[in-house]
>>> print(open('my_file-v2.cif').read())   # mmCIF, N, CA and C atoms
data_input
loop_
_atom_site.label_atom_id
_atom_site.label_comp_id
_atom_site.auth_asym_id
_atom_site.auth_seq_id
_atom_site.Cartn_x
_atom_site.Cartn_y
_atom_site.Cartn_z
N PHE A 29 -33.99 10.35 13.79
CA PHE A 29 -32.62 9.88 13.84
C PHE A 29 -32.33 9.08 12.59
N GLY A 30 -31.04 8.82 12.32
CA GLY A 30 -30.69 8.09 11.13
C GLY A 30 -29.28 7.54 11.19
N PHE A 31 -28.89 6.92 10.10
CA PHE A 31 -27.54 6.38 9.98
C PHE A 31 -27.01 6.74 8.60
N GLN A 32 -25.68 6.77 8.49
CA GLN A 32 -25.07 7.11 7.22
C GLN A 32 -23.77 6.36 7.00
N LEU A 33 -23.44 6.21 5.73
CA LEU A 33 -22.12 5.81 5.28
C LEU A 33 -21.50 7.06 4.69
N GLY A 34 -20.22 7.27 4.92
CA GLY A 34 -19.63 8.50 4.43
C GLY A 34 -18.17 8.36 4.10
N GLN A 35 -17.66 9.42 3.49
CA GLN A 35 -16.24 9.51 3.19
C GLN A 35 -15.81 10.94 3.43
N TYR A 36 -14.82 11.11 4.28
CA TYR A 36 -14.22 12.41 4.57
C TYR A 36 -12.82 12.35 3.97
N GLN A 37 -12.61 13.06 2.88
CA GLN A 37 -11.40 12.98 2.08
C GLN A 37 -11.26 11.56 1.60
N LYS A 38 -10.33 10.77 2.10
CA LYS A 38 -10.21 9.38 1.65
C LYS A 38 -10.57 8.38 2.75
N ASP A 39 -11.05 8.88 3.88
CA ASP A 39 -11.37 8.01 5.01
C ASP A 39 -12.84 7.58 4.97
N PHE A 40 -13.07 6.27 4.93
CA PHE A 40 -14.42 5.71 4.96
C PHE A 40 -14.95 5.74 6.38
N GLY A 41 -16.27 5.91 6.52
CA GLY A 41 -16.85 5.90 7.85
C GLY A 41 -18.31 5.52 7.85
N LEU A 42 -18.81 5.23 9.03
CA LEU A 42 -20.23 4.98 9.23
C LEU A 42 -20.64 5.60 10.55
N GLY A 43 -21.90 6.04 10.61
CA GLY A 43 -22.30 6.74 11.82
C GLY A 43 -23.78 6.92 11.96
N ILE A 44 -24.13 7.68 12.98
CA ILE A 44 -25.53 7.97 13.28
C ILE A 44 -25.71 9.49 13.33
N ASN A 45 -26.96 9.93 13.14
CA ASN A 45 -27.26 11.35 13.22
C ASN A 45 -28.60 11.55 13.90
N LEU A 46 -28.74 12.70 14.51
CA LEU A 46 -29.98 13.08 15.20
C LEU A 46 -30.30 14.51 14.79
N THR A 47 -31.52 14.71 14.30
CA THR A 47 -31.96 16.02 13.84
C THR A 47 -33.09 16.50 14.73
N SER A 48 -33.01 17.76 15.14
CA SER A 48 -34.08 18.35 15.95
C SER A 48 -35.32 18.51 15.08
N PRO A 49 -36.47 18.75 15.71
CA PRO A 49 -37.63 19.13 14.90
C PRO A 49 -37.33 20.44 14.16
N TYR A 50 -37.88 20.58 12.97
CA TYR A 50 -37.69 21.81 12.20
C TYR A 50 -38.48 22.94 12.85
N PHE A 51 -37.92 24.14 12.82
CA PHE A 51 -38.58 25.32 13.37
C PHE A 51 -38.40 26.47 12.39
N ALA A 52 -38.81 27.66 12.76
CA ALA A 52 -38.74 28.85 11.89
C ALA A 52 -39.47 28.57 10.56
N GLY A 53 -40.73 28.19 10.69
CA GLY A 53 -41.52 27.90 9.50
C GLY A 53 -41.09 26.62 8.80
N ASP A 54 -40.64 25.63 9.56
CA ASP A 54 -40.15 24.35 9.03
C ASP A 54 -38.97 24.52 8.08
N ARG A 55 -38.09 25.49 8.34
CA ARG A 55 -36.95 25.77 7.47
C ARG A 55 -35.59 25.52 8.11
N ILE A 56 -35.53 25.47 9.45
CA ILE A 56 -34.25 25.36 10.16
C ILE A 56 -34.32 24.20 11.15
N ALA A 57 -33.18 23.49 11.30
CA ALA A 57 -33.06 22.43 12.31
C ALA A 57 -31.60 22.36 12.76
N ILE A 58 -31.38 21.69 13.86
CA ILE A 58 -30.04 21.43 14.38
C ILE A 58 -29.77 19.94 14.21
N ARG A 59 -28.57 19.61 13.73
CA ARG A 59 -28.22 18.20 13.51
C ARG A 59 -26.90 17.88 14.21
N VAL A 60 -26.88 16.74 14.89
CA VAL A 60 -25.69 16.21 15.55
C VAL A 60 -25.36 14.87 14.89
N ARG A 61 -24.07 14.66 14.61
CA ARG A 61 -23.62 13.40 13.99
C ARG A 61 -22.44 12.84 14.78
N GLY A 62 -22.36 11.54 14.79
CA GLY A 62 -21.19 10.84 15.31
C GLY A 62 -20.80 9.77 14.32
N ASN A 63 -19.51 9.71 13.98
CA ASN A 63 -19.03 8.75 12.99
C ASN A 63 -17.82 7.98 13.51
N MET A 64 -17.73 6.73 13.12
CA MET A 64 -16.53 5.93 13.28
C MET A 64 -15.86 5.93 11.91
N MET A 65 -14.68 6.52 11.83
CA MET A 65 -13.96 6.65 10.58
C MET A 65 -12.77 5.69 10.57
N PHE A 66 -12.24 5.42 9.39
CA PHE A 66 -11.10 4.52 9.24
C PHE A 66 -10.06 5.19 8.36
N ASN A 67 -8.89 5.47 8.95
CA ASN A 67 -7.80 6.11 8.25
C ASN A 67 -6.90 5.03 7.65
N GLU A 68 -6.76 5.06 6.34
CA GLU A 68 -5.89 4.10 5.65
C GLU A 68 -4.48 4.68 5.60
N HIS A 69 -3.51 3.93 6.14
CA HIS A 69 -2.13 4.42 6.15
C HIS A 69 -1.15 3.25 6.25
N LEU A 70 0.11 3.57 6.03
CA LEU A 70 1.17 2.57 6.11
C LEU A 70 1.61 2.44 7.56
N SER A 71 1.56 1.21 8.08
CA SER A 71 1.98 0.93 9.45
C SER A 71 2.90 -0.28 9.44
N GLU A 72 4.16 -0.06 9.74
CA GLU A 72 5.15 -1.13 9.77
C GLU A 72 5.14 -1.96 8.49
N LYS A 73 5.25 -1.29 7.36
CA LYS A 73 5.34 -1.91 6.03
C LYS A 73 4.05 -2.58 5.57
N THR A 74 2.93 -2.31 6.25
CA THR A 74 1.65 -2.88 5.89
C THR A 74 0.61 -1.77 5.82
N ILE A 75 -0.24 -1.82 4.81
CA ILE A 75 -1.35 -0.87 4.73
C ILE A 75 -2.41 -1.33 5.73
N THR A 76 -2.89 -0.40 6.55
CA THR A 76 -3.89 -0.74 7.56
C THR A 76 -4.96 0.34 7.63
N TRP A 77 -6.11 -0.02 8.16
CA TRP A 77 -7.20 0.92 8.41
C TRP A 77 -7.30 1.09 9.92
N THR A 78 -6.98 2.26 10.41
CA THR A 78 -7.01 2.53 11.83
C THR A 78 -8.25 3.35 12.17
N PRO A 79 -9.07 2.90 13.12
CA PRO A 79 -10.30 3.62 13.44
C PRO A 79 -10.04 4.89 14.26
N TYR A 80 -10.87 5.88 14.03
CA TYR A 80 -10.94 7.08 14.86
C TYR A 80 -12.37 7.58 14.77
N SER A 81 -12.73 8.58 15.53
CA SER A 81 -14.12 9.03 15.51
C SER A 81 -14.20 10.54 15.34
N ASN A 82 -15.40 10.99 14.98
CA ASN A 82 -15.66 12.43 14.90
C ASN A 82 -17.06 12.72 15.40
N LEU A 83 -17.27 13.94 15.78
CA LEU A 83 -18.56 14.42 16.28
C LEU A 83 -18.78 15.79 15.66
N SER A 84 -19.98 16.01 15.13
CA SER A 84 -20.27 17.32 14.53
C SER A 84 -21.63 17.82 15.00
N ILE A 85 -21.76 19.14 14.99
CA ILE A 85 -23.03 19.79 15.26
C ILE A 85 -23.16 20.92 14.24
N GLY A 86 -24.34 20.98 13.61
CA GLY A 86 -24.53 21.97 12.58
C GLY A 86 -25.96 22.44 12.46
N VAL A 87 -26.14 23.47 11.66
CA VAL A 87 -27.44 24.05 11.38
C VAL A 87 -27.86 23.63 9.98
N VAL A 88 -29.08 23.10 9.87
CA VAL A 88 -29.65 22.69 8.58
C VAL A 88 -30.63 23.78 8.15
N SER A 89 -30.53 24.17 6.89
CA SER A 89 -31.44 25.18 6.34
C SER A 89 -32.07 24.64 5.06
N VAL A 90 -33.38 24.53 5.05
CA VAL A 90 -34.10 23.99 3.89
C VAL A 90 -34.09 25.03 2.78
N ALA A 91 -33.64 24.62 1.60
CA ALA A 91 -33.60 25.51 0.45
C ALA A 91 -34.87 25.42 -0.38
N GLY A 92 -35.54 24.28 -0.35
CA GLY A 92 -36.76 24.11 -1.11
C GLY A 92 -37.23 22.68 -1.12
N GLU A 93 -38.44 22.51 -1.59
CA GLU A 93 -39.01 21.17 -1.69
C GLU A 93 -39.61 21.00 -3.08
N ILE A 94 -39.55 19.79 -3.58
CA ILE A 94 -40.14 19.45 -4.86
C ILE A 94 -41.25 18.45 -4.57
N GLY A 95 -42.49 18.91 -4.75
CA GLY A 95 -43.63 18.06 -4.43
C GLY A 95 -43.56 17.64 -2.98
N ASN A 96 -44.02 16.45 -2.72
CA ASN A 96 -43.93 15.88 -1.37
C ASN A 96 -42.89 14.79 -1.29
N PHE A 97 -41.95 14.77 -2.25
CA PHE A 97 -41.02 13.64 -2.27
C PHE A 97 -39.54 14.02 -2.21
N MET A 98 -39.18 15.30 -2.32
CA MET A 98 -37.76 15.65 -2.27
C MET A 98 -37.56 17.01 -1.60
N ARG A 99 -36.55 17.06 -0.71
CA ARG A 99 -36.21 18.31 -0.05
C ARG A 99 -34.74 18.61 -0.31
N LEU A 100 -34.42 19.86 -0.60
CA LEU A 100 -33.06 20.33 -0.82
C LEU A 100 -32.65 21.15 0.39
N TYR A 101 -31.44 20.98 0.87
CA TYR A 101 -31.01 21.70 2.07
C TYR A 101 -29.50 21.95 2.05
N GLY A 102 -29.11 22.89 2.86
CA GLY A 102 -27.70 23.16 3.13
C GLY A 102 -27.45 22.95 4.60
N GLU A 103 -26.22 22.64 4.94
CA GLU A 103 -25.86 22.41 6.34
C GLU A 103 -24.43 22.85 6.56
N GLY A 104 -24.18 23.43 7.71
CA GLY A 104 -22.82 23.83 8.06
C GLY A 104 -22.66 23.82 9.55
N GLY A 105 -21.43 23.59 10.01
CA GLY A 105 -21.21 23.56 11.44
C GLY A 105 -19.79 23.24 11.84
N PHE A 106 -19.66 22.81 13.09
CA PHE A 106 -18.36 22.51 13.69
C PHE A 106 -18.14 21.00 13.76
N LEU A 107 -16.87 20.61 13.67
CA LEU A 107 -16.48 19.21 13.68
C LEU A 107 -15.34 19.01 14.67
N MET A 108 -15.43 17.96 15.47
CA MET A 108 -14.34 17.56 16.37
C MET A 108 -13.89 16.16 15.98
N LEU A 109 -12.60 16.00 15.78
CA LEU A 109 -12.01 14.69 15.51
C LEU A 109 -11.36 14.17 16.78
N PHE A 110 -11.46 12.87 16.97
CA PHE A 110 -10.80 12.19 18.07
C PHE A 110 -9.84 11.17 17.46
N PRO A 111 -8.62 11.62 17.11
CA PRO A 111 -7.67 10.77 16.38
C PRO A 111 -7.21 9.56 17.21
N ASN A 112 -6.75 8.57 16.50
CA ASN A 112 -6.16 7.39 17.12
C ASN A 112 -4.69 7.67 17.38
N SER A 113 -4.18 7.26 18.53
CA SER A 113 -2.78 7.51 18.86
C SER A 113 -1.81 6.71 17.99
N ASP A 114 -2.32 5.77 17.19
CA ASP A 114 -1.46 5.02 16.28
C ASP A 114 -0.97 5.90 15.13
N PHE A 115 -1.72 6.95 14.77
CA PHE A 115 -1.29 7.78 13.65
C PHE A 115 -1.19 9.27 13.98
N SER A 116 -1.63 9.69 15.16
CA SER A 116 -1.59 11.11 15.51
C SER A 116 -1.19 11.32 16.96
N SER A 117 -0.43 12.37 17.22
CA SER A 117 -0.06 12.71 18.59
C SER A 117 -1.08 13.65 19.23
N GLU A 118 -2.06 14.12 18.45
CA GLU A 118 -3.11 15.01 18.97
C GLU A 118 -4.25 14.17 19.58
N SER A 119 -4.89 14.70 20.61
CA SER A 119 -6.04 14.00 21.19
C SER A 119 -7.36 14.50 20.62
N ILE A 120 -7.40 15.77 20.19
CA ILE A 120 -8.59 16.35 19.58
C ILE A 120 -8.16 17.31 18.47
N GLU A 121 -8.86 17.28 17.36
CA GLU A 121 -8.67 18.24 16.26
C GLU A 121 -10.01 18.91 16.02
N MET A 122 -10.00 20.19 15.76
CA MET A 122 -11.24 20.96 15.54
C MET A 122 -11.27 21.46 14.10
N GLY A 123 -12.49 21.63 13.59
CA GLY A 123 -12.64 22.15 12.24
C GLY A 123 -14.09 22.47 11.95
N GLY A 124 -14.38 22.58 10.68
CA GLY A 124 -15.73 22.89 10.26
C GLY A 124 -16.10 22.14 8.99
N TYR A 125 -17.38 22.20 8.65
CA TYR A 125 -17.84 21.52 7.45
C TYR A 125 -19.01 22.30 6.86
N GLY A 126 -19.25 22.07 5.60
CA GLY A 126 -20.41 22.62 4.91
C GLY A 126 -20.82 21.65 3.82
N LEU A 127 -22.12 21.52 3.60
CA LEU A 127 -22.58 20.57 2.59
C LEU A 127 -23.94 20.99 2.06
N PHE A 128 -24.32 20.39 0.96
CA PHE A 128 -25.70 20.49 0.51
C PHE A 128 -26.21 19.08 0.32
N GLY A 129 -27.53 18.91 0.51
CA GLY A 129 -28.07 17.56 0.48
C GLY A 129 -29.44 17.48 -0.14
N PHE A 130 -29.82 16.26 -0.40
CA PHE A 130 -31.11 15.93 -0.99
C PHE A 130 -31.73 14.81 -0.16
N GLU A 131 -32.97 15.01 0.27
CA GLU A 131 -33.72 13.97 0.97
C GLU A 131 -34.83 13.49 0.06
N PHE A 132 -35.00 12.18 -0.03
CA PHE A 132 -36.01 11.57 -0.89
C PHE A 132 -37.01 10.83 0.00
N PHE A 133 -38.27 11.27 -0.01
CA PHE A 133 -39.30 10.73 0.87
C PHE A 133 -40.08 9.63 0.16
N PHE A 134 -39.64 8.38 0.36
CA PHE A 134 -40.33 7.23 -0.21
C PHE A 134 -41.24 6.55 0.82
N TYR A 135 -41.06 6.91 2.09
CA TYR A 135 -41.82 6.32 3.17
C TYR A 135 -42.43 7.44 4.01
N PRO A 136 -43.60 7.23 4.59
CA PRO A 136 -44.23 8.28 5.40
C PRO A 136 -43.38 8.74 6.59
N LYS A 137 -42.63 7.84 7.20
CA LYS A 137 -41.84 8.17 8.39
C LYS A 137 -40.33 8.05 8.16
N GLY A 138 -39.88 8.14 6.93
CA GLY A 138 -38.45 8.02 6.69
C GLY A 138 -38.06 8.55 5.33
N ASN A 139 -36.75 8.78 5.15
CA ASN A 139 -36.24 9.24 3.86
C ASN A 139 -34.81 8.78 3.65
N TYR A 140 -34.47 8.64 2.39
CA TYR A 140 -33.09 8.41 2.00
C TYR A 140 -32.46 9.78 1.77
N PHE A 141 -31.16 9.88 1.99
CA PHE A 141 -30.50 11.17 1.72
C PHE A 141 -29.12 10.95 1.12
N ILE A 142 -28.66 11.96 0.40
CA ILE A 142 -27.31 12.00 -0.13
C ILE A 142 -26.80 13.42 0.04
N GLU A 143 -25.54 13.55 0.45
CA GLU A 143 -24.96 14.85 0.75
C GLU A 143 -23.56 14.93 0.16
N ILE A 144 -23.17 16.13 -0.24
CA ILE A 144 -21.82 16.37 -0.72
C ILE A 144 -21.38 17.75 -0.26
N GLY A 145 -20.13 17.87 0.12
CA GLY A 145 -19.63 19.14 0.61
C GLY A 145 -18.15 19.08 0.89
N GLY A 146 -17.73 19.88 1.84
CA GLY A 146 -16.32 19.95 2.19
C GLY A 146 -16.13 19.98 3.69
N VAL A 147 -14.95 19.51 4.12
CA VAL A 147 -14.58 19.50 5.53
C VAL A 147 -13.16 20.02 5.65
N GLY A 148 -12.92 20.81 6.67
CA GLY A 148 -11.58 21.34 6.90
C GLY A 148 -11.23 21.28 8.38
N THR A 149 -10.13 20.61 8.68
CA THR A 149 -9.70 20.48 10.07
C THR A 149 -8.23 20.83 10.27
N GLY A 150 -7.44 20.72 9.24
CA GLY A 150 -6.00 20.92 9.39
C GLY A 150 -5.31 19.73 10.03
N ALA A 151 -6.02 18.62 10.18
CA ALA A 151 -5.47 17.43 10.86
C ALA A 151 -4.44 16.73 9.99
N THR A 152 -3.33 16.35 10.62
CA THR A 152 -2.31 15.56 9.93
C THR A 152 -1.98 14.33 10.76
N ALA A 153 -1.69 13.25 10.07
CA ALA A 153 -1.28 12.00 10.72
C ALA A 153 0.23 12.09 10.94
N ASP A 154 0.64 12.77 12.01
CA ASP A 154 2.05 13.08 12.22
C ASP A 154 2.90 11.89 12.64
N LYS A 155 2.28 10.75 12.93
CA LYS A 155 3.05 9.54 13.25
C LYS A 155 3.20 8.62 12.04
N VAL A 156 2.72 9.08 10.89
CA VAL A 156 2.81 8.31 9.64
C VAL A 156 3.83 8.99 8.74
N LEU A 157 4.60 8.20 8.01
CA LEU A 157 5.57 8.72 7.08
C LEU A 157 4.92 9.73 6.13
N THR A 158 5.51 10.85 5.91
CA THR A 158 5.08 11.98 5.07
C THR A 158 3.99 12.84 5.71
N ASN A 159 3.56 12.55 6.94
CA ASN A 159 2.56 13.35 7.66
C ASN A 159 1.35 13.72 6.80
N PRO A 160 0.63 12.73 6.27
CA PRO A 160 -0.50 13.06 5.38
C PRO A 160 -1.66 13.73 6.14
N ILE A 161 -2.40 14.57 5.43
CA ILE A 161 -3.60 15.15 6.02
C ILE A 161 -4.72 14.11 6.01
N TYR A 162 -5.69 14.30 6.87
CA TYR A 162 -6.88 13.44 6.86
C TYR A 162 -8.06 14.29 7.30
N SER A 163 -9.27 13.86 6.93
CA SER A 163 -10.51 14.60 7.22
C SER A 163 -10.42 16.05 6.76
N ASN A 164 -9.86 16.26 5.59
CA ASN A 164 -9.78 17.56 4.94
C ASN A 164 -10.15 17.37 3.48
N GLY A 165 -11.08 18.15 2.98
CA GLY A 165 -11.43 18.04 1.56
C GLY A 165 -12.86 17.62 1.35
N LEU A 166 -13.05 16.76 0.38
CA LEU A 166 -14.39 16.34 -0.04
C LEU A 166 -15.08 15.51 1.05
N LEU A 167 -16.37 15.78 1.22
CA LEU A 167 -17.21 15.08 2.19
C LEU A 167 -18.42 14.54 1.44
N ILE A 168 -18.69 13.24 1.59
CA ILE A 168 -19.85 12.60 0.97
C ILE A 168 -20.53 11.72 2.02
N ASN A 169 -21.85 11.85 2.13
CA ASN A 169 -22.65 10.99 3.01
C ASN A 169 -23.86 10.49 2.26
N ALA A 170 -24.30 9.29 2.60
CA ALA A 170 -25.56 8.74 2.10
C ALA A 170 -26.13 7.88 3.21
N GLY A 171 -27.46 7.90 3.34
CA GLY A 171 -28.05 7.10 4.40
C GLY A 171 -29.55 7.18 4.45
N PHE A 172 -30.08 6.84 5.61
CA PHE A 172 -31.53 6.78 5.82
C PHE A 172 -31.86 7.46 7.14
N ARG A 173 -32.93 8.25 7.16
CA ARG A 173 -33.39 8.88 8.41
C ARG A 173 -34.80 8.41 8.72
N PHE A 174 -35.06 8.17 10.00
CA PHE A 174 -36.37 7.78 10.50
C PHE A 174 -36.97 8.94 11.26
N GLN A 175 -38.26 9.12 11.13
CA GLN A 175 -38.95 10.13 11.91
C GLN A 175 -39.67 9.43 13.06
N LEU A 176 -39.38 9.87 14.27
CA LEU A 176 -40.01 9.26 15.44
C LEU A 176 -41.34 9.90 15.76
#
>>> encode(input="my_file-v2.cif", output="structure tokens")
Amino acid sequence: FGFQLGQYQKDFGLGINLTSPYFAGDRIAIRVRGNMMFNEHLSEKTITWTPYSNLSIGVVSVAGEIGNFMRLYGEGGFLMLFPNSDFSSESIEMGGYGLFGFEFFFYPKGNYFIEIGGVGTGATADKVLTNPIYSNGLLINAGFRFQL
């Protein structure tokens, strides 16, 4: 399991992740993530950060390893957003994501990671002036994973 700091488009977030044991010759795993995100928007003439959450499930595929200290991987899957009623009239938004990542093994039972990719949900903040999109576009995560 692990934790991450991330950014989905312009929304900052923090969350946890759980990865299954690797299978298929240590090349494939299933990963579940949950994040608390913060949407920055104008609310009654004031800029505010309104929390919302997301949940994702995806397949991780190892692309290669460099020595015993770095692993390269790709990941893709489904994403569910749970918008805040302060900025959206929707209760759930669905979408997908894809990313590539690097894990750095500095500890026997843990690693640092950094990921970059894209997310697409079609979500709009329809209760905010100009109906801006959110959780669409660039996706960046960085964090630490522990092996149990």
>>> closest_residue(input="my_file-v2.cif", among="A:Leu157, A:Ile44, A:Met98, A:Met64", to="A:Glu131", atoms="only C-alpha atoms")
A:Met98
>>> closest_residue(input="my_file-v2.cif", among="A:Gly95, A:Gly86, A:Pro136, A:Gly165", to="A:Leu107", atoms="all atoms listed in the file")
A:Gly86
>>> atom_distance(input="my_file-v2.cif", atom1="atom N of A:Ile75", atom2="atom C of A:Val156")
12.2 Å
>>> residues_around(input="my_file-v2.cif", residues="A:Leu42", least_positions_apart="3", cutoff="5 Å", atoms="all atoms listed in the file", output="list in words")
Gln32, Leu33, Gly34, Asn63 and Met64 of chain A
>>> residues_around(input="my_file-v2.cif", residues="A:Arg173", least_positions_apart="3", cutoff="6.5 Å", atoms="all atoms listed in the file", output="list in words")
Phe29, Gly30, Phe31, Lys137, Gly138, Asn139, Tyr140 and Phe141 of chain A
>>> resolve_selection(input="my_file-v2.cif", expression="the PyMOL selection byres ((chain A and resi 99) around 8)", output="MDAnalysis selection string")
chainID A and resid 90:98 100:102 129:133
>>> write_last_selection(input="my_file-v2.cif", atoms="N, CA and C atoms", output="compact mmCIF listing (two decimals), in the frame of the given file")
# COMPACT_ATOMS: atom_id res chain seq x y z
N VAL A 90 -33.38 24.53 5.05
CA VAL A 90 -34.10 23.99 3.89
C VAL A 90 -34.09 25.03 2.78
N ALA A 91 -33.64 24.62 1.60
CA ALA A 91 -33.60 25.51 0.45
C ALA A 91 -34.87 25.42 -0.38
N GLY A 92 -35.54 24.28 -0.35
CA GLY A 92 -36.76 24.11 -1.11
C GLY A 92 -37.23 22.68 -1.12
N GLU A 93 -38.44 22.51 -1.59
CA GLU A 93 -39.01 21.17 -1.69
C GLU A 93 -39.61 21.00 -3.08
N ILE A 94 -39.55 19.79 -3.58
CA ILE A 94 -40.14 19.45 -4.86
C ILE A 94 -41.25 18.45 -4.57
N GLY A 95 -42.49 18.91 -4.75
CA GLY A 95 -43.63 18.06 -4.43
C GLY A 95 -43.56 17.64 -2.98
N ASN A 96 -44.02 16.45 -2.72
CA ASN A 96 -43.93 15.88 -1.37
C ASN A 96 -42.89 14.79 -1.29
N PHE A 97 -41.95 14.77 -2.25
CA PHE A 97 -41.02 13.64 -2.27
C PHE A 97 -39.54 14.02 -2.21
N MET A 98 -39.18 15.30 -2.32
CA MET A 98 -37.76 15.65 -2.27
C MET A 98 -37.56 17.01 -1.60
N LEU A 100 -34.42 19.86 -0.60
CA LEU A 100 -33.06 20.33 -0.82
C LEU A 100 -32.65 21.15 0.39
N TYR A 101 -31.44 20.98 0.87
CA TYR A 101 -31.01 21.70 2.07
C TYR A 101 -29.50 21.95 2.05
N GLY A 102 -29.11 22.89 2.86
CA GLY A 102 -27.70 23.16 3.13
C GLY A 102 -27.45 22.95 4.60
N GLY A 129 -27.53 18.91 0.51
CA GLY A 129 -28.07 17.56 0.48
C GLY A 129 -29.44 17.48 -0.14
N PHE A 130 -29.82 16.26 -0.40
CA PHE A 130 -31.11 15.93 -0.99
C PHE A 130 -31.73 14.81 -0.16
N GLU A 131 -32.97 15.01 0.27
CA GLU A 131 -33.72 13.97 0.97
C GLU A 131 -34.83 13.49 0.06
N PHE A 132 -35.00 12.18 -0.03
CA PHE A 132 -36.01 11.57 -0.89
C PHE A 132 -37.01 10.83 0.00
N PHE A 133 -38.27 11.27 -0.01
CA PHE A 133 -39.30 10.73 0.87
C PHE A 133 -40.08 9.63 0.16
>>> resolve_selection(input="my_file-v2.cif", expression="the PyMOL selection byres (((chain A and resi 38 and name CA) around 8) and name CA)", output="PyMOL selection string")
chain A and resi 35-37+39-40+67-68+162-163
>>> atom_distance(input="my_file-v2.cif", atom1="atom CA of A:Leu46", atom2="atom CA of A:Val87")
11.9 Å
>>> atom_distance(input="my_file-v2.cif", atom1="atom C of A:Tyr80", atom2="atom N of A:Tyr125")
16.6 Å
>>> select_by_dssp(input="my_file-v2.cif", residues="chain A", states="strand (DSSP E)", output="ChimeraX atom specification")
/A:30-36,39-47,56-71,74-94,98-110,121-135,138-148,165-174
>>> closest_residue(input="my_file-v2.cif", among="A:Val88, A:Leu70, A:Met65, A:Ile144", to="A:Asn112", atoms="only C-alpha atoms")
A:Met65
>>> resolve_selection(input="my_file-v2.cif", expression="the PyMOL selection byres ((chain A and resi 106) around 6)", output="VMD selection string")
chain A and resid 83 to 86 104 to 105 107 to 108 123 to 125
>>> closest_residue(input="my_file-v2.cif", among="A:Ala151, A:Ala170, A:Ile142, A:Ile161", to="A:Met122", atoms="all atoms listed in the file")
A:Ala151
>>> closest_residue(input="my_file-v2.cif", among="A:Glu72, A:Asp114, A:Asn164, A:Arg61", to="A:Gly148", atoms="only N, CA and C atoms")
A:Asn164
>>> closest_residue(input="my_file-v2.cif", among="A:Gly146, A:Ile168, A:His69, A:Ile58", to="A:Gly126", atoms="all atoms listed in the file")
A:Gly146
